[in-house]
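S.K.: Please read through the structure below; I'll follow up with questions.
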Amino acid sequence: MTDRSAVLDHYYLDCRCMVLELAAALDRHDRAPAAPSGAQHADDRLALLHQAIQILAVPSAQPDRAARILQLLSDPVG
Amino acid sequence: MYYIQPHYHGISRTTDDYERMAQAGVVAVAEPSFWAGFDRRYPGTFIDYFRQISEFEPTRAALYGIRHFCWVAVNPKESENIALSREVMAAMPGFFDKPTVLGIGEIGLNKNTRNEMIIFQEQMEMALKHRQLVLIHTPHLRDKLKGTILTLDLLRELRADPDRVWIDHVEEHTIKPVLDAGFWAGMTLYPQTKMSPRRAADMLELYGLDRLLVNSSADWGPSSPFTLQECAAEYRQRGHSEQELLDVFHNNPARFLGQNPKFSIRPIQMAQGSIA
């Protein structure tokens, strides 16, 4: 199995690019004029992205970040 | 829509590129001298490379109606070898009068070393002496910020005319000092890693169109000449006019490169009443 250093070697530049894309998209959002009042849905989505970023940032005992973010972004079950 | 591709490494690409670029509206490309993926050992290898991009590549592009121009230089990475660089530089003035050579580039820094700085300064002095346009590469990734500051310091010290210098590969953290100092700034787009078409569209909206160039590099690594069209599509989708698109992707390169009279493609103004 590929060791952790090799994983970073292989994916670092891709990850760097994805983090920059995310940062640029959030900057783009913040620069844009405010949405008309009542556009609560947009605010919900932004809050979800912020929560997802928190999942990325916090060390995890299990390598399950992708699954946790997808659960966060899923409709409630039941 | 017409495009000028101001930074394109044709020798690393197949002829299919030229055919598809022509179909996509590209009317001209400019090919800087760059690192071939390995360090060359002989001055003659560089000189043959300069012949290839100044004599052969124009014929290959012309088959598809694309005009091909080029720049000669010792690239930043190989400028680490000072003795070899100086031998190559001794031959460079012989290319300045060729009909498609636009200036000296890409020069500058790769790892911000002392040797790179020495050859960067000597090539800048040569450009000033011979009144050549200059294309400057800035380092990628973690070396970019420091390399850009060192570059601006040197240009200030040499009193280079900002109108005639294009500093390439700017990103969000380096674009402002380059533009504030009056230089032309280039954004180089890649399909993955480094600057993306969306981020470049952001920069166009934030800093305006004056002195900004967009290019897609297109070299021997993962790259695509069509990131230029992707950026144009993104910019159009955000509501910008066809005239603005022409200004960014055709007229700005025509303005900068047209300072050398060999580059005879002029900016285009859309007729009144044509598509917005």
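By order in the structure tokens, chains are A, B, ...; within a chain, residues start at 1; ligands start at 1, following the order shown.
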Output as a ChimeraX atom specification the set of chain B residues within 7 Å of chain A, with distances taken over only C-alpha atoms.
M.R.: /B:192-194,199
S.K.: For range 178-188 of chain B, list every protein, DNA or RNA residue within 6 Å, evaluated using only C-alpha atoms, and leave out those in the same chain fewer than 4 positions away; present the list as a list in words.
M.R.: Pro162, Val165, Trp166, Ile167, Asp168, His169, Val170, Arg211, Leu212, Leu213, Val214, Asn215 and Ser216 of chain B
S.K.: Restrict the selected residues to N, CA, C and O atoms and save them as an mmCIF file, in the first residue's frame.
M.R.:
```
data_model
loop_
_atom_site.group_PDB
_atom_site.id
_atom_site.type_symbol
_atom_site.label_atom_id
_atom_site.label_comp_id
_atom_site.auth_asym_id
_atom_site.auth_seq_id
_atom_site.Cartn_x
_atom_site.Cartn_y
_atom_site.Cartn_z
ATOM 1 N N PRO B 162 8.009 50.012 -17.809
ATOM 2 C CA PRO B 162 6.947 49.033 -17.532
ATOM 3 C C PRO B 162 6.072 48.731 -18.746
ATOM 4 O O PRO B 162 5.523 47.645 -18.847
ATOM 5 N N VAL B 165 7.413 45.544 -20.528
ATOM 6 C CA VAL B 165 7.736 44.338 -19.745
ATOM 7 C C VAL B 165 6.452 43.639 -19.321
ATOM 8 O O VAL B 165 5.562 44.258 -18.729
ATOM 9 N N TRP B 166 6.391 42.350 -19.605
ATOM 10 C CA TRP B 166 5.242 41.508 -19.219
ATOM 11 C C TRP B 166 5.747 40.510 -18.167
ATOM 12 O O TRP B 166 6.660 39.744 -18.430
ATOM 13 N N ILE B 167 5.141 40.575 -16.985
ATOM 14 C CA ILE B 167 5.484 39.646 -15.901
ATOM 15 C C ILE B 167 4.407 38.571 -15.861
ATOM 16 O O ILE B 167 3.227 38.863 -15.634
ATOM 17 N N ASP B 168 4.837 37.324 -16.069
ATOM 18 C CA ASP B 168 3.860 36.257 -16.305
ATOM 19 C C ASP B 168 3.628 35.386 -15.064
ATOM 20 O O ASP B 168 4.407 35.408 -14.117
ATOM 21 N N HIS B 169 2.552 34.624 -15.156
ATOM 22 C CA HIS B 169 2.148 33.652 -14.131
ATOM 23 C C HIS B 169 1.756 34.324 -12.811
ATOM 24 O O HIS B 169 2.010 33.779 -11.735
ATOM 25 N N VAL B 170 1.139 35.500 -12.881
ATOM 26 C CA VAL B 170 0.684 36.118 -11.630
ATOM 27 C C VAL B 170 -0.514 35.339 -11.079
ATOM 28 O O VAL B 170 -1.250 34.689 -11.821
ATOM 29 N N ARG B 211 -3.794 46.169 -19.115
ATOM 30 C CA ARG B 211 -2.483 45.525 -18.902
ATOM 31 C C ARG B 211 -2.579 44.092 -18.391
ATOM 32 O O ARG B 211 -1.622 43.574 -17.805
ATOM 33 N N LEU B 212 -3.712 43.449 -18.592
ATOM 34 C CA LEU B 212 -3.811 42.048 -18.203
ATOM 35 C C LEU B 212 -3.811 41.163 -19.444
ATOM 36 O O LEU B 212 -4.518 41.448 -20.416
ATOM 37 N N LEU B 213 -3.023 40.103 -19.385
ATOM 38 C CA LEU B 213 -2.952 39.127 -20.465
ATOM 39 C C LEU B 213 -3.361 37.767 -19.915
ATOM 40 O O LEU B 213 -3.055 37.449 -18.769
ATOM 41 N N VAL B 214 -4.062 37.005 -20.732
ATOM 42 C CA VAL B 214 -4.445 35.646 -20.339
ATOM 43 C C VAL B 214 -3.825 34.692 -21.348
ATOM 44 O O VAL B 214 -3.922 34.918 -22.559
ATOM 45 N N ASN B 215 -3.181 33.655 -20.837
ATOM 46 C CA ASN B 215 -2.582 32.678 -21.747
ATOM 47 C C ASN B 215 -2.743 31.275 -21.187
ATOM 48 O O ASN B 215 -3.031 31.101 -20.006
ATOM 49 N N SER B 216 -2.571 30.300 -22.043
ATOM 50 C CA SER B 216 -2.828 28.935 -21.577
ATOM 51 C C SER B 216 -1.575 28.078 -21.567
ATOM 52 O O SER B 216 -1.659 26.873 -21.380
#
```
S.K.: Which of range 93-275 of chain B end up as strand (DSSP E or B) when DSSP is run on this backbone - answer as a list in words?
M.R.: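 Of range 93-275 of chain B, the ones in strand (DSSP E or B) are Val101, Leu102, Gly103, Ile104, Gly105, Glu106, Ile107, Gly108, Leu133, Val134, Leu135, Ile136, His137, Val165, Trp166, Ile167, Trp184, Ala185, Gly186, Met187, Thr188, Leu189, Met195, Leu212, Leu213, Val214, Asn215 and Ser217 of chain B.
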S.K.: Mind checking which residues fall within 8 Å of Tyr2 in chain B, counting only C-alpha atoms, ignoring those fewer than 2 positions away in the same chain, and posting them as number ranges by chain?
M.R.: B: 4, 25-27, 246, 249-250
S.K.: Could the residues in this selection be written to a file with all heavy atoms, as a PDB file, in the first residue's frame?
M.R.:
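selection-v3.pdb written:
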```pdb
ATOM      1  N   ILE B   4      -5.724  35.761 -29.522  1.00  0.00           N
ATOM      2  CA  ILE B   4      -4.272  35.670 -29.677  1.00  0.00           C
ATOM      3  C   ILE B   4      -3.776  34.890 -28.463  1.00  0.00           C
ATOM      4  O   ILE B   4      -4.102  35.233 -27.317  1.00  0.00           O
ATOM      5  CB  ILE B   4      -3.624  37.065 -29.735  1.00  0.00           C
ATOM      6  CG1 ILE B   4      -4.060  37.775 -31.029  1.00  0.00           C
ATOM      7  CG2 ILE B   4      -2.099  36.951 -29.668  1.00  0.00           C
ATOM      8  CD1 ILE B   4      -3.677  39.245 -31.080  1.00  0.00           C
ATOM      9  N   GLY B  25     -10.748  29.892 -33.353  1.00  0.00           N
ATOM     10  CA  GLY B  25     -10.630  31.343 -33.453  1.00  0.00           C
ATOM     11  C   GLY B  25      -9.268  31.931 -33.152  1.00  0.00           C
ATOM     12  O   GLY B  25      -9.122  33.155 -33.091  1.00  0.00           O
ATOM     13  N   VAL B  26      -8.247  31.086 -32.939  1.00  0.00           N
ATOM     14  CA  VAL B  26      -6.908  31.619 -32.649  1.00  0.00           C
ATOM     15  C   VAL B  26      -6.270  32.101 -33.954  1.00  0.00           C
ATOM     16  O   VAL B  26      -6.190  31.353 -34.931  1.00  0.00           O
ATOM     17  CB  VAL B  26      -6.026  30.542 -31.985  1.00  0.00           C
ATOM     18  CG1 VAL B  26      -4.593  31.035 -31.825  1.00  0.00           C
ATOM     19  CG2 VAL B  26      -6.606  30.152 -30.625  1.00  0.00           C
ATOM     20  N   VAL B  27      -5.831  33.354 -33.963  1.00  0.00           N
ATOM     21  CA  VAL B  27      -5.233  33.926 -35.180  1.00  0.00           C
ATOM     22  C   VAL B  27      -3.715  34.035 -35.071  1.00  0.00           C
ATOM     23  O   VAL B  27      -3.030  34.167 -36.086  1.00  0.00           O
ATOM     24  CB  VAL B  27      -5.840  35.308 -35.513  1.00  0.00           C
ATOM     25  CG1 VAL B  27      -7.322  35.181 -35.830  1.00  0.00           C
ATOM     26  CG2 VAL B  27      -5.606  36.306 -34.387  1.00  0.00           C
ATOM     27  N   LEU B 246     -13.155  40.493 -26.556  1.00  0.00           N
ATOM     28  CA  LEU B 246     -12.137  40.800 -27.569  1.00  0.00           C
ATOM     29  C   LEU B 246     -10.975  41.563 -26.953  1.00  0.00           C
ATOM     30  O   LEU B 246      -9.811  41.317 -27.274  1.00  0.00           O
ATOM     31  CB  LEU B 246     -12.753  41.663 -28.682  1.00  0.00           C
ATOM     32  CG  LEU B 246     -13.307  40.965 -29.910  1.00  0.00           C
ATOM     33  CD1 LEU B 246     -13.936  41.995 -30.849  1.00  0.00           C
ATOM     34  CD2 LEU B 246     -12.219  40.175 -30.639  1.00  0.00           C
ATOM     35  N   PHE B 249      -8.878  38.905 -24.815  1.00  0.00           N
ATOM     36  CA  PHE B 249      -8.268  37.725 -25.444  1.00  0.00           C
ATOM     37  C   PHE B 249      -7.645  38.006 -26.812  1.00  0.00           C
ATOM     38  O   PHE B 249      -6.974  37.150 -27.353  1.00  0.00           O
ATOM     39  CB  PHE B 249      -9.310  36.599 -25.541  1.00  0.00           C
ATOM     40  CG  PHE B 249      -9.784  36.141 -24.199  1.00  0.00           C
ATOM     41  CD1 PHE B 249     -10.993  36.582 -23.662  1.00  0.00           C
ATOM     42  CD2 PHE B 249      -9.006  35.295 -23.433  1.00  0.00           C
ATOM     43  CE1 PHE B 249     -11.421  36.165 -22.407  1.00  0.00           C
ATOM     44  CE2 PHE B 249      -9.415  34.877 -22.177  1.00  0.00           C
ATOM     45  CZ  PHE B 249     -10.629  35.318 -21.661  1.00  0.00           C
ATOM     46  N   HIS B 250      -7.889  39.178 -27.345  1.00  0.00           N
ATOM     47  CA  HIS B 250      -7.269  39.545 -28.618  1.00  0.00           C
ATOM     48  C   HIS B 250      -6.545  40.886 -28.532  1.00  0.00           C
ATOM     49  O   HIS B 250      -5.369  40.996 -28.870  1.00  0.00           O
ATOM     50  CB  HIS B 250      -8.329  39.590 -29.729  1.00  0.00           C
ATOM     51  CG  HIS B 250      -7.783  39.947 -31.079  1.00  0.00           C
ATOM     52  ND1 HIS B 250      -7.531  41.250 -31.462  1.00  0.00           N
ATOM     53  CD2 HIS B 250      -7.407  39.178 -32.128  1.00  0.00           C
ATOM     54  CE1 HIS B 250      -7.037  41.263 -32.685  1.00  0.00           C
ATOM     55  NE2 HIS B 250      -6.944  40.028 -33.114  1.00  0.00           N
TER      56      HIS B 250
END
```
S.K.: Could you jot down the CA of Leu8 in chain A to CA of Pro225 in chain B separation for me, Å, one decimal place?
M.R.: 28.0 Å
S.K.: Based on DSSP run over this structure's backbone, return all residues of range 1-73 of chain A in helix (DSSP H, G or I), as a PyMOL selection string.
M.R.: chain A and resi 4-31+40-57+65-72
S.K.: Could you tell me how far CA of Arg60 in chain B lies from CA of Ile47 in chain B, in Å and to one decimal?
M.R.: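 So the answer is 19.2 Å.
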S.K.: Would you please work out which residue, of B:Met126, B:Pro32, B:Ala232, B:Ser217, is nearest to Pro93 in chain B when using only C-alpha atoms?
M.R.: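 Comparing B:Met126, B:Pro32, B:Ala232, B:Ser217 against Pro93 in chain B, the winner is B:Met126.
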S.K.: How far is it from CA of Leu154 in chain B to CA of Val88 in chain B, in Å with one decimal?
M.R.: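 Spanning CA of Leu154 in chain B to CA of Val88 in chain B is a straight-line distance of 21.9 Å.
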S.K.: Within 10 Å of range 262-267 of chain B, counting only C-alpha atoms, which residues show up once you throw out same-chain ones fewer than 2 positions away? Write them as an NGL selection string, please.
M.R.: :B and (4 or 27-28 or 30 or 67-69 or 97-102 or 246-247 or 250-260 or 269-270)
S.K.: Suppose we keep N, CA and C atoms; can you now write the selection as a PDB file, in the first residue's frame?
M.R.:
```
ATOM      1  N   ILE B   4      -5.724  35.761 -29.522  1.00  0.00           N
ATOM      2  CA  ILE B   4      -4.272  35.670 -29.677  1.00  0.00           C
ATOM      3  C   ILE B   4      -3.776  34.890 -28.463  1.00  0.00           C
ATOM      4  N   VAL B  27      -5.831  33.354 -33.963  1.00  0.00           N
ATOM      5  CA  VAL B  27      -5.233  33.926 -35.180  1.00  0.00           C
ATOM      6  C   VAL B  27      -3.715  34.035 -35.071  1.00  0.00           C
ATOM      7  N   ALA B  28      -3.183  34.011 -33.846  1.00  0.00           N
ATOM      8  CA  ALA B  28      -1.733  34.120 -33.679  1.00  0.00           C
ATOM      9  C   ALA B  28      -1.310  33.505 -32.352  1.00  0.00           C
ATOM     10  N   ALA B  30       2.347  33.228 -29.707  1.00  0.00           N
ATOM     11  CA  ALA B  30       3.719  33.673 -29.460  1.00  0.00           C
ATOM     12  C   ALA B  30       4.382  32.648 -28.548  1.00  0.00           C
ATOM     13  N   ARG B  67      -0.642  32.833 -37.356  1.00  0.00           N
ATOM     14  CA  ARG B  67       0.675  33.471 -37.374  1.00  0.00           C
ATOM     15  C   ARG B  67       1.443  33.089 -36.106  1.00  0.00           C
ATOM     16  N   HIS B  68       2.701  32.758 -36.272  1.00  0.00           N
ATOM     17  CA  HIS B  68       3.528  32.280 -35.159  1.00  0.00           C
ATOM     18  C   HIS B  68       4.690  33.246 -34.931  1.00  0.00           C
ATOM     19  N   PHE B  69       4.806  33.707 -33.692  1.00  0.00           N
ATOM     20  CA  PHE B  69       5.912  34.573 -33.292  1.00  0.00           C
ATOM     21  C   PHE B  69       6.657  33.885 -32.148  1.00  0.00           C
ATOM     22  N   ASP B  97      16.806  40.300 -35.189  1.00  0.00           N
ATOM     23  CA  ASP B  97      16.299  40.875 -36.441  1.00  0.00           C
ATOM     24  C   ASP B  97      15.491  39.886 -37.268  1.00  0.00           C
ATOM     25  N   LYS B  98      15.347  38.671 -36.791  1.00  0.00           N
ATOM     26  CA  LYS B  98      14.529  37.711 -37.553  1.00  0.00           C
ATOM     27  C   LYS B  98      13.078  38.189 -37.572  1.00  0.00           C
ATOM     28  N   PRO B  99      12.344  37.859 -38.626  1.00  0.00           N
ATOM     29  CA  PRO B  99      11.047  38.507 -38.830  1.00  0.00           C
ATOM     30  C   PRO B  99       9.948  38.144 -37.827  1.00  0.00           C
ATOM     31  N   THR B 100      10.144  37.070 -37.060  1.00  0.00           N
ATOM     32  CA  THR B 100       9.084  36.714 -36.111  1.00  0.00           C
ATOM     33  C   THR B 100       9.548  36.760 -34.652  1.00  0.00           C
ATOM     34  N   VAL B 101      10.763  37.192 -34.397  1.00  0.00           N
ATOM     35  CA  VAL B 101      11.260  37.258 -33.009  1.00  0.00           C
ATOM     36  C   VAL B 101      10.817  38.577 -32.384  1.00  0.00           C
ATOM     37  N   LEU B 102      10.116  38.478 -31.250  1.00  0.00           N
ATOM     38  CA  LEU B 102       9.495  39.663 -30.643  1.00  0.00           C
ATOM     39  C   LEU B 102      10.311  40.277 -29.513  1.00  0.00           C
ATOM     40  N   LEU B 246     -13.155  40.493 -26.556  1.00  0.00           N
ATOM     41  CA  LEU B 246     -12.137  40.800 -27.569  1.00  0.00           C
ATOM     42  C   LEU B 246     -10.975  41.563 -26.953  1.00  0.00           C
ATOM     43  N   ASP B 247     -11.292  42.494 -26.050  1.00  0.00           N
ATOM     44  CA  ASP B 247     -10.227  43.284 -25.434  1.00  0.00           C
ATOM     45  C   ASP B 247      -9.272  42.399 -24.634  1.00  0.00           C
ATOM     46  N   HIS B 250      -7.889  39.178 -27.345  1.00  0.00           N
ATOM     47  CA  HIS B 250      -7.269  39.545 -28.618  1.00  0.00           C
ATOM     48  C   HIS B 250      -6.545  40.886 -28.532  1.00  0.00           C
ATOM     49  N   ASN B 251      -7.247  41.885 -28.053  1.00  0.00           N
ATOM     50  CA  ASN B 251      -6.688  43.240 -28.168  1.00  0.00           C
ATOM     51  C   ASN B 251      -5.536  43.502 -27.198  1.00  0.00           C
ATOM     52  N   ASN B 252      -5.651  43.002 -25.974  1.00  0.00           N
ATOM     53  CA  ASN B 252      -4.539  43.249 -25.043  1.00  0.00           C
ATOM     54  C   ASN B 252      -3.233  42.621 -25.532  1.00  0.00           C
ATOM     55  N   PRO B 253      -3.231  41.346 -25.954  1.00  0.00           N
ATOM     56  CA  PRO B 253      -1.982  40.828 -26.530  1.00  0.00           C
ATOM     57  C   PRO B 253      -1.537  41.615 -27.751  1.00  0.00           C
ATOM     58  N   ALA B 254      -2.499  42.056 -28.566  1.00  0.00           N
ATOM     59  CA  ALA B 254      -2.113  42.842 -29.748  1.00  0.00           C
ATOM     60  C   ALA B 254      -1.459  44.155 -29.319  1.00  0.00           C
ATOM     61  N   ARG B 255      -1.965  44.748 -28.243  1.00  0.00           N
ATOM     62  CA  ARG B 255      -1.391  46.018 -27.775  1.00  0.00           C
ATOM     63  C   ARG B 255       0.034  45.822 -27.239  1.00  0.00           C
ATOM     64  N   PHE B 256       0.189  44.783 -26.412  1.00  0.00           N
ATOM     65  CA  PHE B 256       1.535  44.588 -25.849  1.00  0.00           C
ATOM     66  C   PHE B 256       2.522  44.134 -26.930  1.00  0.00           C
ATOM     67  N   LEU B 257       2.195  43.056 -27.618  1.00  0.00           N
ATOM     68  CA  LEU B 257       3.128  42.498 -28.599  1.00  0.00           C
ATOM     69  C   LEU B 257       3.319  43.451 -29.777  1.00  0.00           C
ATOM     70  N   GLY B 258       2.281  44.242 -30.076  1.00  0.00           N
ATOM     71  CA  GLY B 258       2.342  45.178 -31.197  1.00  0.00           C
ATOM     72  C   GLY B 258       3.312  46.324 -30.978  1.00  0.00           C
ATOM     73  N   GLN B 259       3.879  46.425 -29.773  1.00  0.00           N
ATOM     74  CA  GLN B 259       4.937  47.426 -29.579  1.00  0.00           C
ATOM     75  C   GLN B 259       6.166  47.080 -30.411  1.00  0.00           C
ATOM     76  N   ASN B 260       6.277  45.790 -30.759  1.00  0.00           N
ATOM     77  CA  ASN B 260       7.277  45.405 -31.755  1.00  0.00           C
ATOM     78  C   ASN B 260       6.573  45.435 -33.118  1.00  0.00           C
ATOM     79  N   GLN B 269     -12.164  46.681 -32.962  1.00  0.00           N
ATOM     80  CA  GLN B 269     -13.319  47.331 -32.324  1.00  0.00           C
ATOM     81  C   GLN B 269     -14.577  46.827 -33.017  1.00  0.00           C
ATOM     82  N   MET B 270     -15.530  46.319 -32.248  1.00  0.00           N
ATOM     83  CA  MET B 270     -16.753  45.824 -32.873  1.00  0.00           C
ATOM     84  C   MET B 270     -17.573  46.990 -33.407  1.00  0.00           C
TER      85      MET B 270
END
```
S.K.: Name all residues at most 10 Å from Glu205 in chain B (count only C-alpha atoms; drop same-chain ones fewer than 6 positions away) and give them as an mmCIF file with N, CA and C atoms, in the first residue's frame.
M.R.:
```
data_model
loop_
_atom_site.group_PDB
_atom_site.id
_atom_site.type_symbol
_atom_site.label_atom_id
_atom_site.label_comp_id
_atom_site.auth_asym_id
_atom_site.auth_seq_id
_atom_site.Cartn_x
_atom_site.Cartn_y
_atom_site.Cartn_z
ATOM 1 N N ARG B 199 -10.690 31.389 -11.747
ATOM 2 C CA ARG B 199 -9.945 32.372 -10.937
ATOM 3 C C ARG B 199 -9.425 33.503 -11.810
ATOM 4 N N TYR B 235 -16.065 34.040 -18.592
ATOM 5 C CA TYR B 235 -16.188 35.504 -18.529
ATOM 6 C C TYR B 235 -17.475 35.959 -19.227
ATOM 7 N N ARG B 238 -20.621 35.306 -17.193
ATOM 8 C CA ARG B 238 -20.842 36.261 -16.095
ATOM 9 C C ARG B 238 -21.436 37.579 -16.588
ATOM 10 N N HIS B 240 -20.304 39.567 -19.313
ATOM 11 C CA HIS B 240 -19.437 40.544 -19.970
ATOM 12 C C HIS B 240 -19.653 40.537 -21.481
#
```
S.K.: Give me the residues within 10 Å of Val74 in chain B as a list in words, counting only C-alpha atoms and dropping any in the same chain fewer than 5 places off.
M.R.: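 In the requested format, the answer is Ser33, Phe34, Trp35, Phe46, Ser79, Glu80, Asn81, Leu84, Ser85, Arg86, Val88, Met89, Met92, Ile104, Gly105, Glu106, Ile107, Gly108, Ile119, Phe120 and Gln123 of chain B.
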S.K.: For Leu56 in chain A, which residue out of A:Val77, A:Ala35, A:Val19, A:Asp9 is the nearest one, using only C-alpha atoms?
M.R.: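 The shortest atom-to-atom distance to Leu56 in chain A comes from A:Val19.
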